[in-house]
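The structure file start_9.txt is reproduced below (compact mmCIF, C-alpha atoms).
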# COMPACT_ATOMS: atom_id res chain seq x y z
CA MET A 1 -10.23 44.16 3.31
CA GLU A 2 -6.98 43.09 4.95
CA SER A 3 -6.72 39.77 6.67
CA LYS A 4 -5.52 39.87 10.27
CA GLN A 5 -3.64 36.60 9.79
CA GLN A 6 0.06 36.80 9.15
CA ARG A 7 1.18 35.94 5.62
CA VAL A 8 2.92 32.60 5.24
CA LYS A 9 6.68 32.65 4.88
CA ILE A 10 9.09 30.00 3.65
CA GLY A 11 10.39 28.00 6.60
CA GLU A 12 7.28 28.59 8.72
CA ARG A 13 4.39 26.28 9.47
CA VAL A 14 1.18 27.25 7.69
CA ALA A 15 -1.77 27.97 9.99
CA ASP A 16 -4.44 25.27 9.82
CA PHE A 17 -7.53 26.10 7.79
CA THR A 18 -10.70 24.35 6.64
CA LEU A 19 -12.49 24.97 3.34
CA PRO A 20 -15.45 23.37 1.57
CA ALA A 21 -14.51 21.08 -1.33
CA VAL A 22 -16.08 19.09 -4.13
CA ASN A 23 -18.71 16.48 -3.25
CA GLY A 24 -19.75 18.43 -0.14
CA LYS A 25 -16.60 17.56 1.82
CA MET A 26 -14.77 19.85 4.22
CA ILE A 27 -11.00 19.69 3.79
CA ARG A 28 -8.67 20.66 6.64
CA LEU A 29 -5.02 21.47 6.00
CA SER A 30 -3.92 19.42 9.01
CA GLN A 31 -5.36 16.23 7.50
CA PHE A 32 -2.36 16.23 5.11
CA LEU A 33 0.27 16.17 7.88
CA GLY A 34 2.69 13.31 7.29
CA ARG A 35 2.67 13.88 3.52
CA LYS A 36 3.99 16.68 1.34
CA LEU A 37 1.28 18.95 -0.02
CA VAL A 38 1.13 20.99 -3.21
CA ILE A 39 -1.42 23.81 -2.99
CA TYR A 40 -2.13 25.68 -6.18
CA PHE A 41 -4.26 28.80 -6.39
CA TYR A 42 -5.98 29.62 -9.66
CA PRO A 43 -8.32 32.44 -10.72
CA LYS A 44 -11.42 30.79 -12.22
CA ASN A 45 -12.97 27.49 -13.24
CA MET A 46 -13.67 26.79 -16.92
CA THR A 47 -11.11 29.27 -18.28
CA PRO A 48 -8.49 27.99 -20.75
CA THR A 49 -5.36 28.50 -18.64
CA CYS A 50 -6.97 27.24 -15.43
CA THR A 51 -8.27 24.20 -17.31
CA GLN A 52 -4.76 23.46 -18.64
CA GLU A 53 -3.26 23.81 -15.18
CA ALA A 54 -5.86 21.50 -13.61
CA CYS A 55 -5.30 18.92 -16.37
CA ASP A 56 -1.52 19.09 -15.83
CA PHE A 57 -1.92 18.37 -12.10
CA ARG A 58 -4.44 15.62 -12.90
CA ASP A 59 -2.11 13.99 -15.42
CA TYR A 60 0.78 13.99 -12.92
CA THR A 61 -1.19 12.89 -9.83
CA ALA A 62 0.41 9.43 -9.83
CA GLN A 63 3.93 10.92 -9.93
CA PHE A 64 3.11 13.32 -7.08
CA ARG A 65 1.67 10.51 -4.95
CA ALA A 66 4.67 8.28 -5.73
CA ALA A 67 6.85 11.10 -4.34
CA GLY A 68 4.75 11.22 -1.15
CA ALA A 69 2.72 14.31 -2.03
CA GLU A 70 -0.93 15.23 -2.43
CA VAL A 71 -2.32 18.10 -4.52
CA ILE A 72 -5.18 20.51 -3.83
CA GLY A 73 -6.46 23.38 -5.95
CA ILE A 74 -8.03 26.51 -4.45
CA SER A 75 -10.02 29.30 -6.09
CA PRO A 76 -12.76 31.73 -5.00
CA ASP A 77 -15.32 29.88 -7.14
CA PRO A 78 -18.27 28.31 -5.27
CA VAL A 79 -18.33 24.57 -4.56
CA LYS A 80 -21.08 24.04 -7.17
CA SER A 81 -18.74 25.44 -9.86
CA HIS A 82 -15.89 23.24 -8.56
CA ASP A 83 -18.12 20.15 -8.77
CA LYS A 84 -18.90 20.90 -12.42
CA PHE A 85 -15.26 21.74 -13.30
CA SER A 86 -13.84 18.72 -11.48
CA GLY A 87 -16.41 16.37 -13.03
CA LYS A 88 -15.86 17.70 -16.53
CA LEU A 89 -12.07 17.23 -16.29
CA GLY A 90 -12.08 14.02 -14.23
CA LEU A 91 -9.85 15.58 -11.58
CA THR A 92 -8.14 13.17 -9.18
CA PHE A 93 -7.57 15.70 -6.37
CA PRO A 94 -9.88 18.05 -4.44
CA LEU A 95 -10.73 21.60 -5.39
CA LEU A 96 -11.43 23.88 -2.43
CA SER A 97 -13.68 26.92 -2.43
CA ASP A 98 -12.28 30.07 -0.79
CA GLU A 99 -15.17 32.44 -1.44
CA ALA A 100 -14.32 34.55 1.65
CA LEU A 101 -10.68 34.79 0.43
CA GLU A 102 -9.32 33.94 3.90
CA VAL A 103 -6.76 31.43 2.61
CA ALA A 104 -5.98 33.59 -0.44
CA HIS A 105 -5.06 36.40 1.98
CA LEU A 106 -3.03 34.00 4.14
CA PHE A 107 -0.93 33.10 1.08
CA ASP A 108 -1.03 36.70 -0.25
CA VAL A 109 -2.39 35.68 -3.66
CA TRP A 110 -5.39 38.08 -3.74
CA GLN A 111 -3.82 41.11 -5.39
CA LEU A 112 -4.35 43.97 -7.78
CA LYS A 113 -4.09 42.72 -11.35
CA LYS A 114 -4.04 44.49 -14.71
CA LEU A 115 -5.50 43.26 -17.98
CA TYR A 116 -5.84 45.35 -21.12
CA GLY A 117 -5.36 48.53 -19.09
CA ARG A 118 -8.06 47.59 -16.59
CA GLU A 119 -7.21 47.13 -12.92
CA TYR A 120 -9.08 44.70 -10.68
CA MET A 121 -8.56 42.46 -7.66
CA GLY A 122 -8.04 38.78 -8.35
CA ILE A 123 -6.11 35.59 -7.64
CA VAL A 124 -2.49 35.63 -8.79
CA ARG A 125 -1.79 32.10 -10.09
CA SER A 126 0.58 30.62 -7.51
CA THR A 127 1.75 27.24 -6.21
CA PHE A 128 3.09 26.32 -2.77
CA LEU A 129 4.90 23.23 -1.48
CA LEU A 130 4.47 22.22 2.16
CA ASP A 131 6.55 19.50 3.80
CA GLU A 132 5.25 16.64 5.96
CA GLN A 133 5.04 18.93 9.03
CA GLY A 134 3.01 21.61 7.21
CA VAL A 135 6.00 23.95 6.81
CA LEU A 136 6.13 26.05 3.63
CA ARG A 137 9.23 24.94 1.71
CA GLN A 138 8.84 26.49 -1.73
CA GLU A 139 6.61 28.91 -3.61
CA TRP A 140 6.01 29.81 -7.22
CA ARG A 141 4.21 33.13 -7.76
CA ASN A 142 2.87 34.65 -10.99
CA VAL A 143 3.00 31.17 -12.52
CA ARG A 144 3.24 30.62 -16.26
CA ILE A 145 1.83 27.19 -17.10
CA LYS A 146 4.44 26.02 -19.61
CA GLY A 147 6.91 23.79 -17.74
CA HIS A 148 5.43 24.60 -14.33
CA ILE A 149 4.23 21.09 -13.53
CA ASN A 150 7.76 19.72 -14.11
CA GLU A 151 9.29 22.34 -11.78
CA VAL A 152 6.84 21.50 -9.01
CA LEU A 153 7.27 17.75 -9.43
CA ALA A 154 11.07 18.10 -9.35
CA ALA A 155 10.82 20.05 -6.07
CA VAL A 156 8.53 17.41 -4.55
CA GLN A 157 10.93 14.62 -5.56
CA LEU A 158 13.92 16.22 -3.75

Give the structure from the file, written as structure tokens.
Amino acid sequence: MESKQQRVKIGERVADFTLPAVNGKMIRLSQFLGRKLVIYFYPKNMTPTCTQEACDFRDYTAQFRAAGAEVIGISPDPVKSHDKFSGKLGLTFPLLSDEALEVAHLFDVWQLKKLYGREYMGIVRSTFLLDEQGVLRQEWRNVRIKGHINEVLAAVQL
């Protein structure tokens, strides 16, 4: 199913959205205006690579906040799964549930993937940096975890 919303582009303001998050909260994109925001999309809770990525962002939360940025993670997993994942890892930032894939379509991260010759639809691991006005400034698509956290932090610190 194609989303009717236009895909975000670098240099454009990202349309406001609201998603359910851990601890029963609703998180709205516009509540981060005035601060930089790192949004990372990941495929699935409790998988090795997604766990490593979440731990990397957790371990660098203080550096991101010192640079005037907040971090949020988004996946299609339900809130109940996010609560368990976040609690297990002691995450210091919210995980948002995008079960309807509306925000995944907005950022164009729900795509055809291939694994061991099998094709399926899924989240392409991606990270986005928004400035204080909610304008998309940088994107990393098809992310490989090694060194990624340092690249994102360097961009935030500019």

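Between Gly147 of chain A and the residues A:Glu132, A:Glu53, A:Leu95, A:Arg13, the shortest atom-to-atom distance, using all atoms listed in the file, involves A:Glu53.
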
Requested in this report: Quote the spacing between atom CA of Asn23 of chain A and atom CA of Tyr40 of chain A in Å to one decimal place.
Outcome: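 So the answer is 19.2 Å.
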
Query raised in the report: Which residue, A:Ile27, A:Ala67, A:Val156, A:Ile74, has the smallest gap to Leu130 of chain A when you use all atoms listed in the file?
Result: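 Among the listed residues, A:Val156 lies closest to Leu130 of chain A.
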
Query raised in the report: Hey, what's within 12 Å of Gln52 of chain A if we count only C-alpha atoms and toss same-chain stuff fewer than 2 positions away? As a list in words, please?
Result: Tyr42, Lys44, Asn45, Met46, Thr47, Pro48, Thr49, Cys50, Ala54, Cys55, Asp56, Phe57, Arg58, Asp59, Phe85, Leu89, Leu91, Arg144, Ile145, Lys146, Gly147, His148 and Ile149 of chain A

Query - Selection: 6 Å around Gln111 of chain A, all atoms listed in the file, excl. self and same-chain fewer than 2 positions, as a list in words - result: Val109, Met121 and Gly122 of chain A
